[in-house]
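Peer 1: I am attaching a structure below and will ask some questions about it afterwards.
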Amino acid sequence: MIAKQNEQLILSGAESMAMTHRLRAMHDGILVGINTVLCDDPRLNVRLVPENDVHGSLQPIVLDSHLQIPTSARLITSTEGKKPWVFTSDKYPADKRKELESLGVRVIVVPTNEPCSGGNALCLTAVVDELYVRGIRRLMVEGGASVICAFLRSQIPENLVVTTAPVTVGDGGVRVVSVDDADSGFSMVSPKYRTFGNDVVMATKLEYS
């Protein structure tokens, strides 16, 4: 479980949160789905790392098929870091795109209906290709659950990092990997474990069959 339905839930301790920000600093872009933006209103920047250890500026990326992202989102209103890139489908509202672009947001249209991702999901292969063209070589997919599952089903990630916190969420939690995803054709290679405060972090390479 990683969160509650439509509700922000902070699970990670200070030590593992700092580790997450160090991971962010090692990437060119950080990607989340629109539900994460609506629920958590994240900033998707690097804050808990010494300035000397931050190389370049992290690019926030949002998957948002119908341009639901609010113009009041901190990703847009914040004066720190870069404005987000928002990937959407060709069914976006034209007025909303114009409004977002006037605020500095880059809106990128990609195809939908990728077979492995389901009906109206954005084609993740197209998303990754567009990011590569725009200079993103190291992408961190941070959430939420449906986005993580979609990337695993698409067999795109090379590495997986999982933080386990000693917190009970209950029946209202959101599963990271559903039963259907358990047979998605990937295996973990030589996983490594480390404790950060009260949290346990696993890092592993992925192989696909």
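Naming works like this for the structure tokens: A, B, ... for the chains as they're shown, residue 1 at the start of each chain, ligands 1 onward in shown order.
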Among stretch 26-148 of chain A, which residues carry a DSSP assignment of strand (DSSP E or B), reported as JSON, numbers by chain?

Peer 2: {"A": [29, 30, 31, 32, 33, 59, 60, 61, 62, 63, 85, 86, 87, 88, 106, 107, 108, 109, 112, 122, 139, 140, 141, 142, 143]}

Peer 1: Hey, can you spit out that residue selection with N, CA and C atoms as a PDB file, in the first residue's frame?

Peer 2:
```pdb
ATOM      1  N   GLY A  29      14.590  13.967 -15.022  1.00  0.00           N
ATOM      2  CA  GLY A  29      13.161  14.234 -14.932  1.00  0.00           C
ATOM      3  C   GLY A  29      12.503  13.356 -13.890  1.00  0.00           C
ATOM      4  N   ILE A  30      11.387  13.847 -13.352  1.00  0.00           N
ATOM      5  CA  ILE A  30      10.607  13.083 -12.381  1.00  0.00           C
ATOM      6  C   ILE A  30       9.155  13.087 -12.839  1.00  0.00           C
ATOM      7  N   LEU A  31       8.541  11.902 -12.886  1.00  0.00           N
ATOM      8  CA  LEU A  31       7.226  11.753 -13.495  1.00  0.00           C
ATOM      9  C   LEU A  31       6.204  11.230 -12.495  1.00  0.00           C
ATOM     10  N   VAL A  32       5.015  11.827 -12.536  1.00  0.00           N
ATOM     11  CA  VAL A  32       3.874  11.351 -11.740  1.00  0.00           C
ATOM     12  C   VAL A  32       2.621  11.423 -12.606  1.00  0.00           C
ATOM     13  N   GLY A  33       1.559  10.763 -12.131  1.00  0.00           N
ATOM     14  CA  GLY A  33       0.272  10.851 -12.791  1.00  0.00           C
ATOM     15  C   GLY A  33      -0.559  11.988 -12.232  1.00  0.00           C
ATOM     16  N   GLN A  59      13.376  18.185 -14.061  1.00  0.00           N
ATOM     17  CA  GLN A  59      12.198  18.524 -14.854  1.00  0.00           C
ATOM     18  C   GLN A  59      10.975  17.759 -14.368  1.00  0.00           C
ATOM     19  N   PRO A  60       9.952  18.444 -13.833  1.00  0.00           N
ATOM     20  CA  PRO A  60       8.708  17.761 -13.442  1.00  0.00           C
ATOM     21  C   PRO A  60       7.890  17.378 -14.677  1.00  0.00           C
ATOM     22  N   ILE A  61       7.319  16.172 -14.645  1.00  0.00           N
ATOM     23  CA  ILE A  61       6.547  15.646 -15.771  1.00  0.00           C
ATOM     24  C   ILE A  61       5.253  15.037 -15.221  1.00  0.00           C
ATOM     25  N   VAL A  62       4.133  15.328 -15.870  1.00  0.00           N
ATOM     26  CA  VAL A  62       2.830  14.843 -15.414  1.00  0.00           C
ATOM     27  C   VAL A  62       2.119  14.139 -16.570  1.00  0.00           C
ATOM     28  N   LEU A  63       1.564  12.956 -16.290  1.00  0.00           N
ATOM     29  CA  LEU A  63       0.688  12.282 -17.243  1.00  0.00           C
ATOM     30  C   LEU A  63      -0.749  12.688 -16.935  1.00  0.00           C
ATOM     31  N   TRP A  85       6.186  19.707 -17.593  1.00  0.00           N
ATOM     32  CA  TRP A  85       5.749  19.229 -18.895  1.00  0.00           C
ATOM     33  C   TRP A  85       4.552  18.325 -18.637  1.00  0.00           C
ATOM     34  N   VAL A  86       3.462  18.547 -19.347  1.00  0.00           N
ATOM     35  CA  VAL A  86       2.242  17.770 -19.147  1.00  0.00           C
ATOM     36  C   VAL A  86       1.939  16.989 -20.423  1.00  0.00           C
ATOM     37  N   PHE A  87       1.923  15.666 -20.305  1.00  0.00           N
ATOM     38  CA  PHE A  87       1.573  14.806 -21.432  1.00  0.00           C
ATOM     39  C   PHE A  87       0.072  14.543 -21.404  1.00  0.00           C
ATOM     40  N   THR A  88      -0.560  14.705 -22.561  1.00  0.00           N
ATOM     41  CA  THR A  88      -2.002  14.548 -22.650  1.00  0.00           C
ATOM     42  C   THR A  88      -2.390  13.857 -23.946  1.00  0.00           C
ATOM     43  N   ARG A 106       4.559  23.302 -20.563  1.00  0.00           N
ATOM     44  CA  ARG A 106       4.668  22.712 -21.897  1.00  0.00           C
ATOM     45  C   ARG A 106       3.697  21.538 -21.986  1.00  0.00           C
ATOM     46  N   VAL A 107       2.771  21.600 -22.934  1.00  0.00           N
ATOM     47  CA  VAL A 107       1.785  20.542 -23.138  1.00  0.00           C
ATOM     48  C   VAL A 107       2.211  19.715 -24.350  1.00  0.00           C
ATOM     49  N   ILE A 108       2.317  18.392 -24.153  1.00  0.00           N
ATOM     50  CA  ILE A 108       2.792  17.493 -25.204  1.00  0.00           C
ATOM     51  C   ILE A 108       1.723  16.435 -25.450  1.00  0.00           C
ATOM     52  N   VAL A 109       1.283  16.309 -26.683  1.00  0.00           N
ATOM     53  CA  VAL A 109       0.231  15.366 -27.042  1.00  0.00           C
ATOM     54  C   VAL A 109       0.858  14.066 -27.542  1.00  0.00           C
ATOM     55  N   THR A 112      -2.949   7.411 -27.410  1.00  0.00           N
ATOM     56  CA  THR A 112      -3.499   6.608 -26.321  1.00  0.00           C
ATOM     57  C   THR A 112      -3.718   5.180 -26.810  1.00  0.00           C
ATOM     58  N   LEU A 122      -2.323   6.821 -21.712  1.00  0.00           N
ATOM     59  CA  LEU A 122      -1.357   7.369 -22.658  1.00  0.00           C
ATOM     60  C   LEU A 122      -0.335   6.294 -23.009  1.00  0.00           C
ATOM     61  N   LEU A 139      15.130   9.064 -16.090  1.00  0.00           N
ATOM     62  CA  LEU A 139      13.771   9.400 -15.653  1.00  0.00           C
ATOM     63  C   LEU A 139      13.431   8.645 -14.380  1.00  0.00           C
ATOM     64  N   MET A 140      12.906   9.361 -13.389  1.00  0.00           N
ATOM     65  CA  MET A 140      12.442   8.761 -12.144  1.00  0.00           C
ATOM     66  C   MET A 140      10.916   8.789 -12.138  1.00  0.00           C
ATOM     67  N   VAL A 141      10.298   7.617 -12.113  1.00  0.00           N
ATOM     68  CA  VAL A 141       8.842   7.509 -12.046  1.00  0.00           C
ATOM     69  C   VAL A 141       8.469   7.346 -10.577  1.00  0.00           C
ATOM     70  N   GLU A 142       7.833   8.374  -9.998  1.00  0.00           N
ATOM     71  CA  GLU A 142       7.608   8.380  -8.559  1.00  0.00           C
ATOM     72  C   GLU A 142       6.193   7.931  -8.164  1.00  0.00           C
ATOM     73  N   GLY A 143       5.256   7.967  -9.070  1.00  0.00           N
ATOM     74  CA  GLY A 143       3.906   7.523  -8.697  1.00  0.00           C
ATOM     75  C   GLY A 143       2.853   8.161  -9.566  1.00  0.00           C
TER      76      GLY A 143
END
```

Peer 1: Need the shell around A:Gly185: protein/DNA/RNA residues with any atom at most 8 Å away, counting only C-alpha atoms. Skip same-chain ones fewer than 2 positions apart. Format as a list in words?

Peer 2: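 Here the qualifying residues turn out to be Arg153, Asp183, Ser187, Tyr208 and Ser209 of chain A.
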
Peer 1: Which residue is closest to A:Glu80? Choose from A:Asn198, A:Ser102, A:Ser65, A:Ser57 and count only C-alpha atoms.

Peer 2: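 Closest candidate: A:Ser57.
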
Peer 1: Pick out the residues sitting within 12 Å of A:Arg137, and hand them over as a list of chain:residue names; count only C-alpha atoms, and ignore anything fewer than 3 positions along from it in its own chain.

Peer 2: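 Listed by chain and then number, they are A:Met26, A:His27, A:Asp28, A:Gly29, A:Ile30, A:Leu58, A:Gln59, A:Val128, A:Asp129, A:Glu130, A:Leu131, A:Tyr132, A:Val133, A:Arg134, A:Met140.
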
Peer 1: Using only N, CA, C and O atoms, please write the residues we just selected to a file, as a PDB file, in the first residue's frame.

Peer 2:
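Heads up, here's the output in selection_6.pdb:
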```pdb
ATOM      1  N   MET A  26      19.730  12.690  -8.890  1.00  0.00           N
ATOM      2  CA  MET A  26      20.501  11.890  -9.833  1.00  0.00           C
ATOM      3  C   MET A  26      19.791  11.742 -11.181  1.00  0.00           C
ATOM      4  O   MET A  26      20.310  11.094 -12.083  1.00  0.00           O
ATOM      5  N   HIS A  27      18.616  12.327 -11.325  1.00  0.00           N
ATOM      6  CA  HIS A  27      17.825  12.161 -12.541  1.00  0.00           C
ATOM      7  C   HIS A  27      17.603  13.490 -13.254  1.00  0.00           C
ATOM      8  O   HIS A  27      17.744  14.564 -12.660  1.00  0.00           O
ATOM      9  N   ASP A  28      17.233  13.385 -14.531  1.00  0.00           N
ATOM     10  CA  ASP A  28      16.927  14.579 -15.330  1.00  0.00           C
ATOM     11  C   ASP A  28      15.459  14.976 -15.190  1.00  0.00           C
ATOM     12  O   ASP A  28      15.120  16.150 -15.270  1.00  0.00           O
ATOM     13  N   GLY A  29      14.590  13.967 -15.022  1.00  0.00           N
ATOM     14  CA  GLY A  29      13.161  14.234 -14.932  1.00  0.00           C
ATOM     15  C   GLY A  29      12.503  13.356 -13.890  1.00  0.00           C
ATOM     16  O   GLY A  29      12.989  12.266 -13.576  1.00  0.00           O
ATOM     17  N   ILE A  30      11.387  13.847 -13.352  1.00  0.00           N
ATOM     18  CA  ILE A  30      10.607  13.083 -12.381  1.00  0.00           C
ATOM     19  C   ILE A  30       9.155  13.087 -12.839  1.00  0.00           C
ATOM     20  O   ILE A  30       8.592  14.146 -13.155  1.00  0.00           O
ATOM     21  N   LEU A  58      15.861  19.590 -11.985  1.00  0.00           N
ATOM     22  CA  LEU A  58      14.966  18.463 -12.241  1.00  0.00           C
ATOM     23  C   LEU A  58      13.734  18.926 -13.011  1.00  0.00           C
ATOM     24  O   LEU A  58      13.103  19.907 -12.636  1.00  0.00           O
ATOM     25  N   GLN A  59      13.376  18.185 -14.061  1.00  0.00           N
ATOM     26  CA  GLN A  59      12.198  18.524 -14.854  1.00  0.00           C
ATOM     27  C   GLN A  59      10.975  17.759 -14.368  1.00  0.00           C
ATOM     28  O   GLN A  59      10.913  16.528 -14.464  1.00  0.00           O
ATOM     29  N   VAL A 128       8.068   8.176 -23.358  1.00  0.00           N
ATOM     30  CA  VAL A 128       9.511   8.031 -23.147  1.00  0.00           C
ATOM     31  C   VAL A 128      10.292   8.511 -24.369  1.00  0.00           C
ATOM     32  O   VAL A 128      11.334   9.164 -24.240  1.00  0.00           O
ATOM     33  N   ASP A 129       9.786   8.217 -25.555  1.00  0.00           N
ATOM     34  CA  ASP A 129      10.459   8.683 -26.779  1.00  0.00           C
ATOM     35  C   ASP A 129      10.488  10.206 -26.843  1.00  0.00           C
ATOM     36  O   ASP A 129      11.512  10.813 -27.211  1.00  0.00           O
ATOM     37  N   GLU A 130       9.372  10.840 -26.503  1.00  0.00           N
ATOM     38  CA  GLU A 130       9.312  12.305 -26.512  1.00  0.00           C
ATOM     39  C   GLU A 130      10.274  12.892 -25.475  1.00  0.00           C
ATOM     40  O   GLU A 130      10.927  13.913 -25.724  1.00  0.00           O
ATOM     41  N   LEU A 131      10.355  12.258 -24.321  1.00  0.00           N
ATOM     42  CA  LEU A 131      11.274  12.747 -23.289  1.00  0.00           C
ATOM     43  C   LEU A 131      12.717  12.639 -23.749  1.00  0.00           C
ATOM     44  O   LEU A 131      13.534  13.542 -23.499  1.00  0.00           O
ATOM     45  N   TYR A 132      13.043  11.538 -24.417  1.00  0.00           N
ATOM     46  CA  TYR A 132      14.416  11.359 -24.890  1.00  0.00           C
ATOM     47  C   TYR A 132      14.784  12.452 -25.889  1.00  0.00           C
ATOM     48  O   TYR A 132      15.872  13.029 -25.814  1.00  0.00           O
ATOM     49  N   VAL A 133      13.871  12.752 -26.801  1.00  0.00           N
ATOM     50  CA  VAL A 133      14.120  13.799 -27.788  1.00  0.00           C
ATOM     51  C   VAL A 133      14.375  15.142 -27.099  1.00  0.00           C
ATOM     52  O   VAL A 133      15.185  15.955 -27.569  1.00  0.00           O
ATOM     53  N   ARG A 134      13.706  15.350 -25.961  1.00  0.00           N
ATOM     54  CA  ARG A 134      13.838  16.613 -25.240  1.00  0.00           C
ATOM     55  C   ARG A 134      14.969  16.588 -24.205  1.00  0.00           C
ATOM     56  O   ARG A 134      15.053  17.468 -23.362  1.00  0.00           O
ATOM     57  N   MET A 140      12.906   9.361 -13.389  1.00  0.00           N
ATOM     58  CA  MET A 140      12.442   8.761 -12.144  1.00  0.00           C
ATOM     59  C   MET A 140      10.916   8.789 -12.138  1.00  0.00           C
ATOM     60  O   MET A 140      10.304   9.861 -12.190  1.00  0.00           O
TER      61      MET A 140
END
```

Peer 1: Need to verify the contact set: stretch 74-76 of chain A, 10 Å, only C-alpha atoms, exclusion of same-chain residues closer than 5 positions in sequence. Can you return it as a list in words?

Peer 2: Val37, Asp40, Asp41, Pro42, Arg43, Leu44, Asn45, Pro60, Ile61, Val62, Ile69, Gly81, Lys82, Lys83, Pro84, Trp85, Leu100, Leu103, Gly104 and Val105 of chain A

Peer 1: Kindly indicate which residue among A:Arg97, A:Ser154, A:Ala25, A:Cys149 lies nearest to A:Cys123, using only C-alpha atoms for the distances.

Peer 2: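 Of A:Arg97, A:Ser154, A:Ala25, A:Cys149, the one nearest A:Cys123 is A:Ser154, counting only C-alpha atoms.
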
Peer 1: Would you work out the distance separating atom CA of A:Ile148 from atom CA of A:Lys192, expressed in Å to one decimal?

Peer 2: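 A separation of 20.0 Å between them.
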
Peer 1: Please provide as a ChimeraX atom specification all residues within 7 Å of A:Met202, with the sequence filter that same-chain residues fewer than 2 positions apart are discarded (counting only C-alpha atoms).

Peer 2: /A:161-163,191-194,200,204

Peer 1: Grab the residues selected above and save them as a compact mmCIF listing (two decimals), in the first residue's frame with N, CA and C atoms.

Peer 2:
```
# COMPACT_ATOMS: atom_id res chain seq x y z
N VAL A 161 13.02 0.88 -6.99
CA VAL A 161 13.34 1.21 -5.60
C VAL A 161 12.03 1.25 -4.82
N VAL A 162 11.97 0.48 -3.73
CA VAL A 162 10.76 0.39 -2.92
C VAL A 162 11.11 0.72 -1.47
N THR A 163 10.40 1.67 -0.90
CA THR A 163 10.55 2.03 0.51
C THR A 163 9.40 1.44 1.30
N PRO A 191 18.55 -7.99 -5.54
CA PRO A 191 18.05 -6.86 -4.76
C PRO A 191 18.95 -6.57 -3.57
N LYS A 192 19.08 -5.29 -3.26
CA LYS A 192 19.87 -4.83 -2.12
C LYS A 192 18.93 -4.13 -1.14
N TYR A 193 19.21 -4.31 0.15
CA TYR A 193 18.35 -3.73 1.19
C TYR A 193 19.19 -2.84 2.10
N ARG A 194 18.57 -1.73 2.53
CA ARG A 194 19.25 -0.83 3.46
C ARG A 194 18.21 -0.15 4.34
N VAL A 200 12.76 0.56 5.55
CA VAL A 200 13.63 -0.35 4.80
C VAL A 200 13.47 -0.05 3.31
N THR A 204 16.72 -2.68 -6.75
CA THR A 204 17.01 -3.85 -7.58
C THR A 204 16.97 -3.49 -9.04
```

Peer 1: In Å, how far is it from atom CA of A:Ser78 to atom CA of A:Ser146?

Peer 2: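 If I compute the distance from atom CA of A:Ser78 to atom CA of A:Ser146, I get 26.1 Å.
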
Peer 1: Give me the residues within 9 Å of stretch 14-16 of chain A as a ChimeraX atom specification, counting only C-alpha atoms and dropping any in the same chain fewer than 3 places off.

Peer 2: /A:19-21,163,195-201

Peer 1: Using the selection just defined, write its residues with N, CA and C atoms as a short mmCIF file (atom, residue, chain, number, x, y, z; two decimals), in the first residue's frame.

Peer 2:
```cif
data_model
loop_
_atom_site.label_atom_id
_atom_site.label_comp_id
_atom_site.auth_asym_id
_atom_site.auth_seq_id
_atom_site.Cartn_x
_atom_site.Cartn_y
_atom_site.Cartn_z
N MET A 19 16.76 10.30 1.32
CA MET A 19 17.27 9.40 0.30
C MET A 19 16.52 9.58 -1.01
N THR A 20 15.19 9.74 -0.93
CA THR A 20 14.39 9.95 -2.12
C THR A 20 14.80 11.22 -2.85
N HIS A 21 15.07 12.27 -2.09
CA HIS A 21 15.50 13.53 -2.73
C HIS A 21 16.88 13.39 -3.34
N THR A 163 10.40 1.67 -0.90
CA THR A 163 10.55 2.03 0.51
C THR A 163 9.40 1.44 1.30
N THR A 195 18.57 0.07 5.59
CA THR A 195 17.67 0.72 6.53
C THR A 195 17.97 2.22 6.60
N PHE A 196 16.92 3.02 6.50
CA PHE A 196 17.02 4.47 6.68
C PHE A 196 16.06 4.85 7.80
N GLY A 197 16.58 5.12 8.98
CA GLY A 197 15.71 5.36 10.12
C GLY A 197 14.90 4.10 10.41
N ASN A 198 13.58 4.23 10.44
CA ASN A 198 12.70 3.09 10.66
C ASN A 198 12.24 2.42 9.37
N ASP A 199 12.65 2.96 8.23
CA ASP A 199 12.20 2.46 6.94
C ASP A 199 13.24 1.52 6.32
N VAL A 200 12.76 0.56 5.55
CA VAL A 200 13.63 -0.35 4.80
C VAL A 200 13.47 -0.05 3.31
N VAL A 201 14.60 0.13 2.63
CA VAL A 201 14.59 0.45 1.22
C VAL A 201 15.21 -0.70 0.43
#
```

Peer 1: According to DSSP computed on the backbone, where in stretch 1-170 of chain A is there alpha helix (DSSP H)? Give the residues as a PyMOL selection string.

Peer 2: chain A and resi 14-25+34-40+74-77+94-102+124-133+145-153

Peer 1: Quick one: pull the distance between atom CA of A:Ala203 and atom CA of A:Thr36, Å, one decimal.

Peer 2: 22.5 Å

Peer 1: Which residue is closest to A:Arg22? Choose from A:Ala121, A:Ala94, A:Val46, A:Leu152 and count only C-alpha atoms.

Peer 2: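 Smallest separation from A:Arg22 among the options: A:Val46.
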